[in-house]
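These notes concern the structure reproduced below.
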Amino acid sequence: MVSDATRASTITRLTPWILLSGIVLVGLVLRLNGISERSLWLDEALSWKLQSFPLSLMFQRTGEPTTTHPPLYFVILHAWTGLFGDSVTSMRGLSVLPGVLTILAMFLLIQSLGRGFSPISGDKGSEESETGTTTAAALLACLFLAVSNLHIYLSQQVRGYTLAGFLVVLSSLFLIRAITNRHHVTRDWIGYVISAIALCYTHNLGLFTVAAQQTFVVLFLWGPGSKRRLAVTPGFLKKQRIASGIALAVFVIGYLPWLTRTLGQSKKLQTSWQRPLQFDDLAIEIGEAIMGTSVQVPIGVPPEAWGVLTGLIVVWGLLLWLGRWPGLFLFLLGAIPTGLIYIYSVYSQRSIFDARYLMFAQIGWLAGIAWLFSLIPYRGERIVLAMIPIVWAIFW
């Protein structure tokens, strides 16, 4: 017979997965709700048209200066419609799938951050507490993403945003595993390179996420204390530095064929579409990315939007102060794409500082908030504070 202790241990191990299953189900229901109520709008119609071309013509058209996105999403959509048809519901279903998979990948990413950077301790109770804290952060990040209005909205678009978002999390997961694990290092570096290249062939702004990831690699493998941190296994630091350099070189070689087209598209769009960045856009678009969307429920009230932006800045500061290496990684994942999008918008005639483009950074914002909540020492306070943004997101 199974003892009570064994049964309790089994329930404890299964509880996070049961909760995760419930969160994924909620995310799926929210993304399927009303998915076919609206007809295709302009950008979605462009996706439908591009996927209908033969592959050779598709690559040609996506590389033209007047087009703004690389070909990978349209290639996948082409295969998807071949299997399931080109109805509105079918095509939007392709965005729902990676939207839900992103929730699962987020759980694995936060778990890897907790395990990979946890302090070495011989205290079993301390290690169990650390594991429980990481699991709480992972589940909370998944819940934030599941009820995110922006992510739900983009999961119902015949566009490549949620595919790119999934690749942001997947590439980050492979990267964290590659630089922290002592086993399967080569496999994880290969996974990172493939997913990072796929990200940039899905959306040009994926380059900003790769910039954030590579900044973290430099700080972790070459920054102060790197020899002490990675001296557990003789020669491990040297191997990791070589592996990271090879990975970056392969990424550059893999993306280089499309880089000239990306630069050409950027130059063309700066002269054909002019929308100067307004000062309040910094707060309004970030506020809409967290609380609503620019299409569904715009905030439109600068005082509220500036309050959201101030809160995000506080989160970034706390991540740098309290979050250790996981906090630094989540800070970079959210802050660098945001900053580069803003810089591009300021120094060009075309502002891309828009809520839907901030989705790449929003993933880092939500994960960072969840990580900070998990650092609160008392469970009751964690639950109460976490419910505030969840209820607010549901309200919006």
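Convention: chains lettered A, B, ... in structure tokens order; per-chain residue numbering from 1; ligands numbered from 1 as shown.
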TODO: Looking only at helix (DSSP H, G or I) from DSSP on the backbone, list the matching residues of segment 84-276 of chain A as a ChimeraX atom specification.
DONE: /A:84,88-116,124-146,149-154,161-180,185-200,206-222,226-229,236-272
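For the set A:Ala361, A:Leu94, A:Ile179, A:Leu375, the residue with the smallest atom-to-atom gap to Ser226 of chain A is A:Ile179, counting only C-alpha atoms.
Minimum atom-to-atom distance to Thr209 of chain A, evaluated using only C-alpha atoms, belongs to A:Tyr357 out of A:Tyr357, A:Trp17, A:Tyr378, A:Trp316.
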Task: Residue neighbourhood Leu320 of chain A, 12 Å, only C-alpha atoms, exclusion window fewer than 3 positions, as a ChimeraX atom specification - done: /A:313-317,323-332,335,368,371-372
How about saving the chosen residues, C-alpha atoms kept, as a short mmCIF file (atom, residue, chain, number, x, y, z; two decimals), in the first residue's frame?
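Saved file out_36.cif follows:
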data_model
loop_
_atom_site.label_atom_id
_atom_site.label_comp_id
_atom_site.auth_asym_id
_atom_site.auth_seq_id
_atom_site.Cartn_x
_atom_site.Cartn_y
_atom_site.Cartn_z
CA ILE A 313 10.63 51.67 -14.19
CA VAL A 314 10.36 50.76 -10.49
CA VAL A 315 10.11 47.07 -11.49
CA TRP A 316 13.28 47.39 -13.58
CA GLY A 317 15.11 49.02 -10.70
CA GLY A 323 16.68 39.87 -8.75
CA ARG A 324 20.26 38.55 -9.05
CA TRP A 325 21.15 37.06 -12.46
CA PRO A 326 17.57 36.05 -13.31
CA GLY A 327 16.46 39.59 -12.56
CA LEU A 328 19.20 41.02 -14.75
CA PHE A 329 18.22 38.74 -17.62
CA LEU A 330 14.52 39.65 -17.38
CA PHE A 331 15.43 43.33 -17.10
CA LEU A 332 17.48 43.15 -20.30
CA ALA A 335 14.30 47.03 -21.33
CA GLY A 368 10.06 40.31 -14.34
CA TRP A 371 9.88 37.14 -10.43
CA LEU A 372 9.76 40.10 -8.05
#
Open item on the list: As an exercise, work out the distance from atom CA of Ser112 of chain A to atom CA of Thr134 of chain A in Å and give it to one decimal place.
Closed with: 8.9 Å
Closest contacts (segment 153-222 of chain A/segment 63-76 of chain A, max 10 Å, only C-alpha atoms) as a Markdown table:
| residue | atom | partner | partner_atom | distance |
| --- | --- | --- | --- | --- |
| A:Val158 | CA | A:Phe74 | CA | 9.7 |
| A:Arg159 | CA | A:Tyr73 | CA | 7.6 |
| A:Gly160 | CA | A:Tyr73 | CA | 5.5 |
| A:Tyr161 | CA | A:Tyr73 | CA | 9.0 |
| A:Leu163 | CA | A:Tyr73 | CA | 7.4 |
| A:Ala164 | CA | A:Tyr73 | CA | 8.7 |
| A:Ala198 | CA | A:Leu72 | CA | 7.3 |
| A:Leu199 | CA | A:Leu72 | CA | 8.7 |
| A:Cys200 | CA | A:Pro70 | CA | 7.7 |
| A:Tyr201 | CA | A:Pro70 | CA | 5.1 |
| A:Thr202 | CA | A:Leu72 | CA | 5.1 |
| A:His203 | CA | A:His69 | CA | 5.6 |
| A:Asn204 | CA | A:His69 | CA | 6.4 |
| A:Leu205 | CA | A:His69 | CA | 9.3 |
Task: A:Leu282, A:Ala45, A:Leu309, A:Leu277 ranked by distance to Ser351 of chain A, top pick (using only C-alpha atoms) - done: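 Closest to Ser351 of chain A, using only C-alpha atoms: A:Leu277.
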- [ ] Tell me which protein, DNA and RNA residues are within 9 Å of segment 145-147 of chain A, counting only C-alpha atoms, leaving out same-chain ones fewer than 6 positions away, and put them as a list in words.
- [x]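 Contacts, with the query itself left out: Ile23, Val24, Leu25, Val26, Gly27, Leu28, Leu30, Arg31, Gly99, Val100, Thr102, Ile103, Met106, Ile363, Leu366, Ala367, Ile390, Ala393 and Ile394 of chain A.
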Which residues, written as a PDB file with N, CA, C and O atoms, in the first residue's frame, have at least one atom at most 9 Å from Gly254 of chain A, with only C-alpha atoms counted and residues fewer than 5 positions away on the same chain left out?
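So result-v9.pdb came out as:
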ATOM      1  N   VAL A 193      20.575  28.925 -31.384  1.00  0.00           N
ATOM      2  CA  VAL A 193      20.879  29.518 -32.688  1.00  0.00           C
ATOM      3  C   VAL A 193      19.705  29.346 -33.643  1.00  0.00           C
ATOM      4  O   VAL A 193      19.291  30.295 -34.336  1.00  0.00           O
ATOM      5  N   ILE A 194      19.145  28.154 -33.690  1.00  0.00           N
ATOM      6  CA  ILE A 194      18.032  27.890 -34.609  1.00  0.00           C
ATOM      7  C   ILE A 194      16.822  28.754 -34.262  1.00  0.00           C
ATOM      8  O   ILE A 194      16.202  29.381 -35.140  1.00  0.00           O
ATOM      9  N   ILE A 197      17.523  32.553 -35.014  1.00  0.00           N
ATOM     10  CA  ILE A 197      17.432  32.827 -36.452  1.00  0.00           C
ATOM     11  C   ILE A 197      15.978  32.798 -36.895  1.00  0.00           C
ATOM     12  O   ILE A 197      15.524  33.675 -37.657  1.00  0.00           O
ATOM     13  N   ALA A 249      28.441  33.690 -34.283  1.00  0.00           N
ATOM     14  CA  ALA A 249      28.904  33.699 -35.666  1.00  0.00           C
ATOM     15  C   ALA A 249      27.927  32.964 -36.582  1.00  0.00           C
ATOM     16  O   ALA A 249      27.617  33.432 -37.685  1.00  0.00           O
TER      17      ALA A 249
END
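Take the candidates A:Thr215, A:Ala136, A:Tyr255, A:Gly223 and check each one against Ile376 of chain A using only C-alpha atoms; the shortest distance goes to A:Ala136.
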